[in-house]
Amino acid sequence: MCDDLGFDRLLGEEAFFARMLGRSPSGGSREPLYGPDLPVVLLTGGPGMGKGRLLRAVRDRFAAKVPVIYLDCGSPVYADRAEPEPGARSAATEALTETARRLSTWQGTGGSFTFPRLFAGLAMIATGVAECTPDAVAAEVERYEELAQRQRLRGLATGDFWRGALRGAMRNLLTTLSGQALDPYSASVSTALLDALFTSLAPRGRTELARIYGAYPGAAGQPEHGLRDLAADFQAGGEERELAESFLFRALREDLEAAYAGAVGWLRRVGRPGVLLDRAETPLGERLLRAVLTDRRAGQRDRVVIVGTARRADGGAFLYGGLPPEEVPAPAEFRPADGVPPRWSRRVAAGGDRAPLADGVLLLRMPLLTGDQIRAETECRQRRAEPEGGTNRRRVDAAVARLSGGRPHTVIRLAAAAAGFRMPADANDRDILDAPLRLPGDGAAERPVADVLLRELILEQLPVRLPTEQHEHWLDLLTHLSVAHDKECADVLLRHHQSGRVHRLTAHHVSQLLTDTGWPSCERHFIGDFGLRQLLVHRLYGLFPDGAAWYADHHLLRDHYTARVAQDGAPGGGAFRSVVAHRMNHHLVSGGVDDVVRHLAATLPGRPREWCAELLEIAQAPYPGGADTRRERAQGLSTADGPALRRTVDQLLHAVWLCEERTRPTGRETARTLAKLLDLLSIMEFDGAGRLGRTATDWSDLAENDQPLLRCACTDQLGRRR
């Protein structure tokens, strides 16, 4: 697998990230995009779209030329490091400290960075250590030793007025407080530490600390008050701690800005530094994004390129200040296929500090792979395995394209699994999901690629707001919901499969969680991503022998809509034109084919247009596992009872079902079958028969070009990958 698969328009010498960072991968200077007010770039896309892979590729391509730091905000390592001293550390401070430490050892143009401003704030919150002794406070402050100063480089004024700050702080602190027992934030410890910081600095350093920490909210220009308040807010927790963490992030960016400012920085440093926040939809990532967006909205300017990830297509609910995204002007966005990044400037809006944070972002839409890219990946894998005929390769290409929808991670996994896999003669695309896959570097035995994808796309990317008590049930709930069409349908399944549980999810909750995770929606399918739905359908059929779970769920829904028909007649609404059509859809795929044929044959005369629409809705359904007899039945090769109308409707239903499932190629043979059957119906003796001739032409043209007969968001997604 190439780490940059699908990213050629983003990582090149003249591409987006070279312009954002002001430096090409080969080291050439580039005219920077935007500035001095920079947008925060958010990579948007759901699971498997390659957001983290792109960030790592940016790091690997550019980090030798400009200082670029990659942080995984979803990693537990930062919380684990903070756990020993929860009063003096947090996941956010540990992430900021790691960023500063990496930059303090950077060996590129201009050399390493120092972070005296950040160090001052970290030293103050270090007074919250649990043991409350001078030695404990000193040991905590010493964790940040390398941030405030570096080895002397003669003639570099950038570090001069910070020189000795740390050693002086430690010496004065230990001398003043030796032998005392302290409680957090006692006057003695805070005063001693402040004295140590300010007395050990040159006048310029004291002035700089005064500028930074005198601006802390409520400090009124007094840096000592600002530092004390910072420490007190951090110790208080909650929103106060978030305020302190936000200010520390500002201090880090101020340190970076100082390294570029002035004559020395201008001469020695090139490009812009970057901080890449993977899994930024997590609480830690959102806090860091909120901090920089809030500062920039208030007029704080820096040259740090902040790139985060966002599962939601709108970038995240926190950007909109509690308002529905549709009520806020949409953020600027960039699609790599557009070629040229858009113009960007912050909106001048009334309200100033109350303007939505969305005004400060640029949404970069993660690209789906094109048909050519998918074919190149699958063909490359096929060449590495035993050679197969061209027919098998084309069939594998089609299966990978349809089941992945162009989602890069799914393409990569399916292409790898299909390398030595031969598609059966009349295969359903889902057959490829049983192909074995062994992950690179994984000593475990081979597993079906479907199991690998379900773990990577669902279990390892749970919704951020999913209640903890639902974690172990999430995959099972989604599996059963793969047969649902709308929220009513989903709620029936959820009530059944959550019966007896105290904590339950409704269809509304699940829909919101899917949206938050970045999965698309569809007006005709509750699980709106075609590829994800096929994975879940495949799992559902295999949960119990002979597809028992599949049939049980469809029978449950069939019986629900049977009761609805008896109670309400045949109202419309939801994903179907009528409750009857909804009932027939579930009856069709759970063993009631003959009943559905009788219903269709009885309701055709006099209403050909409405009947065709209902037929498409009923037949838009997956086929259960096992032998597929639809093609033979569509072609009249298997016997069917009844008069000519019923037999022809039976054949047509199965031909349409083949077209609408979207997991088999249709092509000319199916197109001819559709045209023939509709033409036969058009010359029969019933009211409106003649109007089916036009439908015969329309449907056969669509089928011949592998287009859906009934469009929805799912099928549109597939069409874009052709």
# chains A, B, ... in the order shown; residues from 1 in each chain; ligands from 1

$ select_by_dssp --residues "stretch 272-471 of chain A" --states "strand (DSSP E or B)" --output "PyMOL selection string"
chain A and resi 274-278+305-310+332-334+361-365+436-437+447-448

$ residues_around --residues "A:Asp302" --least-positions-apart "4" --cutoff "10 Å" --atoms "only C-alpha atoms" --output "short mmCIF file (atom, residue, chain, number, x, y, z; two decimals) with all heavy atoms, in the first residue's frame"
data_model
loop_
_atom_site.label_atom_id
_atom_site.label_comp_id
_atom_site.auth_asym_id
_atom_site.auth_seq_id
_atom_site.Cartn_x
_atom_site.Cartn_y
_atom_site.Cartn_z
N GLY A 35 -3.01 34.36 5.30
CA GLY A 35 -2.20 35.06 6.27
C GLY A 35 -2.36 36.57 6.13
O GLY A 35 -2.76 37.07 5.08
N PRO A 36 -2.06 37.32 7.22
CA PRO A 36 -1.54 36.79 8.50
C PRO A 36 -2.59 36.10 9.36
O PRO A 36 -2.24 35.44 10.34
CB PRO A 36 -1.03 38.06 9.19
CG PRO A 36 -1.90 39.15 8.66
CD PRO A 36 -2.19 38.80 7.23
N ASP A 37 -3.87 36.26 9.02
CA ASP A 37 -4.93 35.54 9.75
C ASP A 37 -5.14 34.20 9.05
O ASP A 37 -5.70 34.13 7.96
CB ASP A 37 -6.21 36.37 9.73
CG ASP A 37 -7.33 35.72 10.54
OD1 ASP A 37 -7.03 34.77 11.29
OD2 ASP A 37 -8.48 36.16 10.41
N LEU A 38 -4.68 33.13 9.68
CA LEU A 38 -4.73 31.81 9.07
C LEU A 38 -5.99 31.06 9.47
O LEU A 38 -6.40 31.09 10.64
CB LEU A 38 -3.52 30.97 9.50
CG LEU A 38 -2.17 31.30 8.90
CD1 LEU A 38 -1.10 30.38 9.48
CD2 LEU A 38 -2.21 31.16 7.39
N ARG A 250 -1.81 29.10 23.74
CA ARG A 250 -1.44 30.40 23.18
C ARG A 250 0.03 30.70 23.46
O ARG A 250 0.75 31.20 22.59
CB ARG A 250 -2.31 31.50 23.76
CG ARG A 250 -1.98 32.87 23.18
CD ARG A 250 -2.60 34.02 23.95
NE ARG A 250 -4.04 33.97 23.98
CZ ARG A 250 -4.81 34.92 24.53
NH1 ARG A 250 -4.25 35.98 25.08
NH2 ARG A 250 -6.11 34.79 24.53
N ARG A 253 2.25 28.90 21.06
CA ARG A 253 2.26 29.51 19.73
C ARG A 253 3.02 30.85 19.75
O ARG A 253 3.66 31.22 18.78
CB ARG A 253 0.84 29.69 19.22
CG ARG A 253 0.07 28.37 19.08
CD ARG A 253 -1.19 28.49 18.24
NE ARG A 253 -2.00 29.63 18.54
CZ ARG A 253 -2.91 29.69 19.53
NH1 ARG A 253 -3.10 28.63 20.32
NH2 ARG A 253 -3.61 30.78 19.73
N GLU A 254 2.94 31.57 20.87
CA GLU A 254 3.71 32.80 21.00
C GLU A 254 5.21 32.50 20.97
O GLU A 254 5.99 33.25 20.38
CB GLU A 254 3.34 33.51 22.31
CG GLU A 254 1.94 34.09 22.33
CD GLU A 254 1.92 35.58 22.08
OE1 GLU A 254 2.95 36.11 21.60
OE2 GLU A 254 0.89 36.21 22.34
N ASP A 255 5.62 31.41 21.60
CA ASP A 255 7.03 31.02 21.55
C ASP A 255 7.47 30.73 20.13
O ASP A 255 8.56 31.11 19.70
CB ASP A 255 7.27 29.79 22.44
CG ASP A 255 7.36 30.14 23.92
OD1 ASP A 255 7.94 31.19 24.24
OD2 ASP A 255 6.86 29.36 24.75
N LEU A 256 6.63 30.01 19.39
CA LEU A 256 6.95 29.72 17.99
C LEU A 256 7.01 31.01 17.17
O LEU A 256 7.90 31.20 16.34
CB LEU A 256 5.93 28.76 17.40
CG LEU A 256 6.03 27.30 17.83
CD1 LEU A 256 4.84 26.50 17.32
CD2 LEU A 256 7.33 26.67 17.33
N GLU A 257 6.06 31.89 17.39
CA GLU A 257 6.03 33.14 16.65
C GLU A 257 7.28 33.97 16.92
O GLU A 257 7.86 34.57 16.01
CB GLU A 257 4.77 33.94 17.02
CG GLU A 257 4.53 35.19 16.21
CD GLU A 257 4.26 34.92 14.74
OE1 GLU A 257 3.88 33.78 14.40
OE2 GLU A 257 4.44 35.84 13.92
N ALA A 258 7.72 33.97 18.19
CA ALA A 258 8.91 34.75 18.55
C ALA A 258 10.15 34.23 17.83
O ALA A 258 11.06 35.00 17.50
CB ALA A 258 9.12 34.70 20.06
N ARG A 272 6.47 27.88 7.46
CA ARG A 272 5.62 28.01 8.65
C ARG A 272 5.67 26.71 9.45
O ARG A 272 5.68 25.63 8.86
CB ARG A 272 4.16 28.26 8.26
CG ARG A 272 3.86 29.60 7.63
CD ARG A 272 2.47 29.56 7.03
NE ARG A 272 2.01 30.87 6.57
CZ ARG A 272 0.97 31.03 5.76
NH1 ARG A 272 0.31 29.98 5.31
NH2 ARG A 272 0.60 32.24 5.39
N VAL A 292 -7.41 27.57 19.76
CA VAL A 292 -6.79 28.38 18.72
C VAL A 292 -7.83 29.16 17.92
O VAL A 292 -7.61 30.33 17.54
CB VAL A 292 -5.90 27.51 17.80
CG1 VAL A 292 -6.73 26.54 16.99
CG2 VAL A 292 -5.05 28.36 16.89
N ASP A 295 -8.85 32.19 20.05
CA ASP A 295 -7.80 33.21 20.05
C ASP A 295 -7.78 33.98 18.73
O ASP A 295 -7.70 35.22 18.72
CB ASP A 295 -6.43 32.57 20.27
CG ASP A 295 -6.17 32.26 21.73
OD1 ASP A 295 -6.92 32.75 22.59
OD2 ASP A 295 -5.22 31.50 22.01
N ARG A 296 -7.86 33.28 17.63
CA ARG A 296 -7.78 33.96 16.34
C ARG A 296 -9.02 34.80 16.08
O ARG A 296 -8.94 35.86 15.46
CB ARG A 296 -7.54 32.93 15.23
CG ARG A 296 -6.13 32.33 15.30
CD ARG A 296 -5.86 31.30 14.23
NE ARG A 296 -4.49 30.78 14.33
CZ ARG A 296 -3.99 29.83 13.57
NH1 ARG A 296 -4.74 29.28 12.62
NH2 ARG A 296 -2.74 29.42 13.74
#

$ residues_around --residues "stretch 672-674 of chain A" --least-positions-apart "4" --cutoff "10 Å" --atoms "only C-alpha atoms" --output "ChimeraX atom specification"
/A:631,634-636,651-656,659,667-668,678-680,695-701,703-704

$ closest_residue --among "A:Leu276, A:Ala92, A:Leu194, A:Met366" --to "A:Leu243" --atoms "only C-alpha atoms"
A:Ala92

$ atom_distance --atom1 "atom CA of A:Val275" --atom2 "atom CA of A:Ile69"
4.9 Å

$ residues_around --residues "A:Leu437" --least-positions-apart "2" --cutoff "12 Å" --atoms "only C-alpha atoms" --output "list of chain:residue names"
A:Ile412, A:Arg413, A:Leu414, A:Ala415, A:Ala416, A:Ala417, A:Ala418, A:Ala419, A:Gly420, A:Phe421, A:Ile432, A:Leu433, A:Asp434, A:Ala435, A:Leu439, A:Pro440, A:Asp442, A:Gly443, A:Ala444, A:Ala445, A:Glu446, A:Arg447, A:Pro448, A:Val449, A:Ala450, A:Asp451, A:Val452, A:Leu453

$ atom_distance --atom1 "atom CA of A:Gly690" --atom2 "atom CA of A:Trp611"
13.6 Å

$ residues_around --residues "A:Gly642" --least-positions-apart "6" --cutoff "10 Å" --atoms "only C-alpha atoms" --output "mmCIF file with N, CA, C and O atoms, in the first residue's frame"
data_model
loop_
_atom_site.group_PDB
_atom_site.id
_atom_site.type_symbol
_atom_site.label_atom_id
_atom_site.label_comp_id
_atom_site.auth_asym_id
_atom_site.auth_seq_id
_atom_site.Cartn_x
_atom_site.Cartn_y
_atom_site.Cartn_z
ATOM 1 N N ARG A 598 -48.082 -12.294 -6.234
ATOM 2 C CA ARG A 598 -49.550 -12.229 -6.303
ATOM 3 C C ARG A 598 -50.044 -10.811 -6.051
ATOM 4 O O ARG A 598 -50.967 -10.329 -6.733
ATOM 5 N N THR A 648 -45.289 -13.422 -15.864
ATOM 6 C CA THR A 648 -44.459 -12.330 -16.377
ATOM 7 C C THR A 648 -44.051 -11.375 -15.260
ATOM 8 O O THR A 648 -42.904 -10.900 -15.205
ATOM 9 N N ASP A 650 -43.702 -12.195 -12.170
ATOM 10 C CA ASP A 650 -42.691 -12.934 -11.396
ATOM 11 C C ASP A 650 -41.299 -12.731 -12.011
ATOM 12 O O ASP A 650 -40.322 -12.423 -11.315
#

$ residues_around --residues "A:Pro463" --least-positions-apart "3" --cutoff "10 Å" --atoms "only C-alpha atoms" --output "count of residues only"
18

$ residues_around --residues "stretch 485-491 of chain A" --least-positions-apart "2" --cutoff "12 Å" --atoms "only C-alpha atoms" --output "ChimeraX atom specification"
/A:477-483,493-499,504-512,521-528,533,553-554,556-561,564,573-576,579,582-583,585-586,617-618,620-621,712

$ atom_distance --atom1 "atom CA of A:Ala298" --atom2 "atom CA of A:Gly360"
10.8 Å

$ closest_residue --among "A:Arg664, A:Arg335, A:Arg59, A:Arg211" --to "A:Val396" --atoms "only C-alpha atoms"
A:Arg664

$ select_by_dssp --residues "stretch 213-288 of chain A" --states "helix (DSSP H, G or I)" --output "ChimeraX atom specification"
/A:213,223-236,238-260,262-268,283-288

$ decode --residues "stretch 226-240 of chain A" --atoms "all heavy atoms" --output "PDB file, in the first residue's frame"
ATOM      1  N   GLY A 226      -1.749  37.133  36.798  1.00  0.00           N
ATOM      2  CA  GLY A 226      -2.106  36.235  35.705  1.00  0.00           C
ATOM      3  C   GLY A 226      -1.592  34.826  35.932  1.00  0.00           C
ATOM      4  O   GLY A 226      -2.320  33.841  35.724  1.00  0.00           O
ATOM      5  N   LEU A 227      -0.344  34.705  36.376  1.00  0.00           N
ATOM      6  CA  LEU A 227       0.216  33.375  36.615  1.00  0.00           C
ATOM      7  C   LEU A 227      -0.472  32.688  37.789  1.00  0.00           C
ATOM      8  O   LEU A 227      -0.723  31.476  37.745  1.00  0.00           O
ATOM      9  CB  LEU A 227       1.718  33.488  36.843  1.00  0.00           C
ATOM     10  CG  LEU A 227       2.543  33.692  35.563  1.00  0.00           C
ATOM     11  CD1 LEU A 227       3.929  34.222  35.885  1.00  0.00           C
ATOM     12  CD2 LEU A 227       2.636  32.396  34.775  1.00  0.00           C
ATOM     13  N   ARG A 228      -0.760  33.443  38.861  1.00  0.00           N
ATOM     14  CA  ARG A 228      -1.484  32.843  39.988  1.00  0.00           C
ATOM     15  C   ARG A 228      -2.880  32.384  39.548  1.00  0.00           C
ATOM     16  O   ARG A 228      -3.329  31.300  39.914  1.00  0.00           O
ATOM     17  CB  ARG A 228      -1.593  33.844  41.134  1.00  0.00           C
ATOM     18  CG  ARG A 228      -0.329  34.022  41.955  1.00  0.00           C
ATOM     19  CD  ARG A 228      -0.641  34.728  43.257  1.00  0.00           C
ATOM     20  NE  ARG A 228       0.537  34.862  44.087  1.00  0.00           N
ATOM     21  CZ  ARG A 228       1.290  35.969  44.151  1.00  0.00           C
ATOM     22  NH1 ARG A 228       0.974  37.022  43.411  1.00  0.00           N
ATOM     23  NH2 ARG A 228       2.348  36.015  44.940  1.00  0.00           N
ATOM     24  N   ASP A 229      -3.556  33.240  38.786  1.00  0.00           N
ATOM     25  CA  ASP A 229      -4.911  32.878  38.336  1.00  0.00           C
ATOM     26  C   ASP A 229      -4.873  31.666  37.404  1.00  0.00           C
ATOM     27  O   ASP A 229      -5.770  30.815  37.437  1.00  0.00           O
ATOM     28  CB  ASP A 229      -5.570  34.057  37.629  1.00  0.00           C
ATOM     29  CG  ASP A 229      -5.931  35.189  38.577  1.00  0.00           C
ATOM     30  OD1 ASP A 229      -5.891  34.955  39.808  1.00  0.00           O
ATOM     31  OD2 ASP A 229      -6.232  36.297  38.089  1.00  0.00           O
ATOM     32  N   LEU A 230      -3.863  31.601  36.550  1.00  0.00           N
ATOM     33  CA  LEU A 230      -3.701  30.443  35.674  1.00  0.00           C
ATOM     34  C   LEU A 230      -3.616  29.165  36.494  1.00  0.00           C
ATOM     35  O   LEU A 230      -4.299  28.168  36.208  1.00  0.00           O
ATOM     36  CB  LEU A 230      -2.444  30.618  34.828  1.00  0.00           C
ATOM     37  CG  LEU A 230      -2.031  29.412  33.972  1.00  0.00           C
ATOM     38  CD1 LEU A 230      -2.830  29.403  32.674  1.00  0.00           C
ATOM     39  CD2 LEU A 230      -0.543  29.442  33.656  1.00  0.00           C
ATOM     40  N   ALA A 231      -2.773  29.182  37.532  1.00  0.00           N
ATOM     41  CA  ALA A 231      -2.622  27.998  38.373  1.00  0.00           C
ATOM     42  C   ALA A 231      -3.906  27.677  39.122  1.00  0.00           C
ATOM     43  O   ALA A 231      -4.312  26.514  39.229  1.00  0.00           O
ATOM     44  CB  ALA A 231      -1.471  28.206  39.355  1.00  0.00           C
ATOM     45  N   ALA A 232      -4.577  28.707  39.639  1.00  0.00           N
ATOM     46  CA  ALA A 232      -5.819  28.474  40.378  1.00  0.00           C
ATOM     47  C   ALA A 232      -6.907  27.923  39.468  1.00  0.00           C
ATOM     48  O   ALA A 232      -7.658  27.015  39.852  1.00  0.00           O
ATOM     49  CB  ALA A 232      -6.278  29.778  41.034  1.00  0.00           C
ATOM     50  N   ASP A 233      -7.014  28.462  38.245  1.00  0.00           N
ATOM     51  CA  ASP A 233      -8.018  27.962  37.303  1.00  0.00           C
ATOM     52  C   ASP A 233      -7.734  26.509  36.935  1.00  0.00           C
ATOM     53  O   ASP A 233      -8.660  25.689  36.833  1.00  0.00           O
ATOM     54  CB  ASP A 233      -8.038  28.827  36.043  1.00  0.00           C
ATOM     55  CG  ASP A 233      -8.709  30.167  36.262  1.00  0.00           C
ATOM     56  OD1 ASP A 233      -9.410  30.317  37.283  1.00  0.00           O
ATOM     57  OD2 ASP A 233      -8.523  31.068  35.420  1.00  0.00           O
ATOM     58  N   PHE A 234      -6.460  26.202  36.728  1.00  0.00           N
ATOM     59  CA  PHE A 234      -6.124  24.818  36.385  1.00  0.00           C
ATOM     60  C   PHE A 234      -6.527  23.883  37.514  1.00  0.00           C
ATOM     61  O   PHE A 234      -7.093  22.814  37.272  1.00  0.00           O
ATOM     62  CB  PHE A 234      -4.622  24.697  36.100  1.00  0.00           C
ATOM     63  CG  PHE A 234      -4.225  23.357  35.565  1.00  0.00           C
ATOM     64  CD1 PHE A 234      -4.297  23.089  34.204  1.00  0.00           C
ATOM     65  CD2 PHE A 234      -3.814  22.341  36.414  1.00  0.00           C
ATOM     66  CE1 PHE A 234      -3.961  21.850  33.701  1.00  0.00           C
ATOM     67  CE2 PHE A 234      -3.470  21.088  35.921  1.00  0.00           C
ATOM     68  CZ  PHE A 234      -3.541  20.841  34.560  1.00  0.00           C
ATOM     69  N   GLN A 235      -6.252  24.281  38.761  1.00  0.00           N
ATOM     70  CA  GLN A 235      -6.590  23.433  39.898  1.00  0.00           C
ATOM     71  C   GLN A 235      -8.101  23.302  40.073  1.00  0.00           C
ATOM     72  O   GLN A 235      -8.587  22.266  40.546  1.00  0.00           O
ATOM     73  CB  GLN A 235      -5.974  24.005  41.180  1.00  0.00           C
ATOM     74  CG  GLN A 235      -6.128  23.131  42.409  1.00  0.00           C
ATOM     75  CD  GLN A 235      -5.330  21.845  42.314  1.00  0.00           C
ATOM     76  OE1 GLN A 235      -4.476  21.719  41.441  1.00  0.00           O
ATOM     77  NE2 GLN A 235      -5.612  20.891  43.186  1.00  0.00           N
ATOM     78  N   ALA A 236      -8.856  24.320  39.673  1.00  0.00           N
ATOM     79  CA  ALA A 236     -10.312  24.296  39.863  1.00  0.00           C
ATOM     80  C   ALA A 236     -10.992  23.256  38.989  1.00  0.00           C
ATOM     81  O   ALA A 236     -12.067  22.755  39.319  1.00  0.00           O
ATOM     82  CB  ALA A 236     -10.893  25.682  39.582  1.00  0.00           C
ATOM     83  N   GLY A 237     -10.390  22.919  37.851  1.00  0.00           N
ATOM     84  CA  GLY A 237     -10.999  21.948  36.948  1.00  0.00           C
ATOM     85  C   GLY A 237     -12.117  22.558  36.125  1.00  0.00           C
ATOM     86  O   GLY A 237     -12.382  23.763  36.185  1.00  0.00           O
ATOM     87  N   GLY A 238     -12.806  21.707  35.356  1.00  0.00           N
ATOM     88  CA  GLY A 238     -13.945  22.146  34.564  1.00  0.00           C
ATOM     89  C   GLY A 238     -13.590  23.205  33.545  1.00  0.00           C
ATOM     90  O   GLY A 238     -12.518  23.174  32.921  1.00  0.00           O
ATOM     91  N   GLU A 239     -14.485  24.182  33.369  1.00  0.00           N
ATOM     92  CA  GLU A 239     -14.271  25.228  32.376  1.00  0.00           C
ATOM     93  C   GLU A 239     -13.076  26.101  32.725  1.00  0.00           C
ATOM     94  O   GLU A 239     -12.384  26.607  31.834  1.00  0.00           O
ATOM     95  CB  GLU A 239     -15.532  26.086  32.239  1.00  0.00           C
ATOM     96  CG  GLU A 239     -16.710  25.340  31.627  1.00  0.00           C
ATOM     97  CD  GLU A 239     -17.917  26.233  31.433  1.00  0.00           C
ATOM     98  OE1 GLU A 239     -17.794  27.462  31.669  1.00  0.00           O
ATOM     99  OE2 GLU A 239     -18.980  25.723  31.043  1.00  0.00           O
ATOM    100  N   GLU A 240     -12.823  26.284  34.044  1.00  0.00           N
ATOM    101  CA  GLU A 240     -11.667  27.076  34.444  1.00  0.00           C
ATOM    102  C   GLU A 240     -10.370  26.414  33.978  1.00  0.00           C
ATOM    103  O   GLU A 240      -9.454  27.082  33.496  1.00  0.00           O
ATOM    104  CB  GLU A 240     -11.645  27.267  35.966  1.00  0.00           C
ATOM    105  CG  GLU A 240     -12.690  28.231  36.497  1.00  0.00           C
ATOM    106  CD  GLU A 240     -14.050  27.574  36.665  1.00  0.00           C
ATOM    107  OE1 GLU A 240     -14.175  26.359  36.354  1.00  0.00           O
ATOM    108  OE2 GLU A 240     -14.991  28.266  37.105  1.00  0.00           O
TER     109      GLU A 240
END
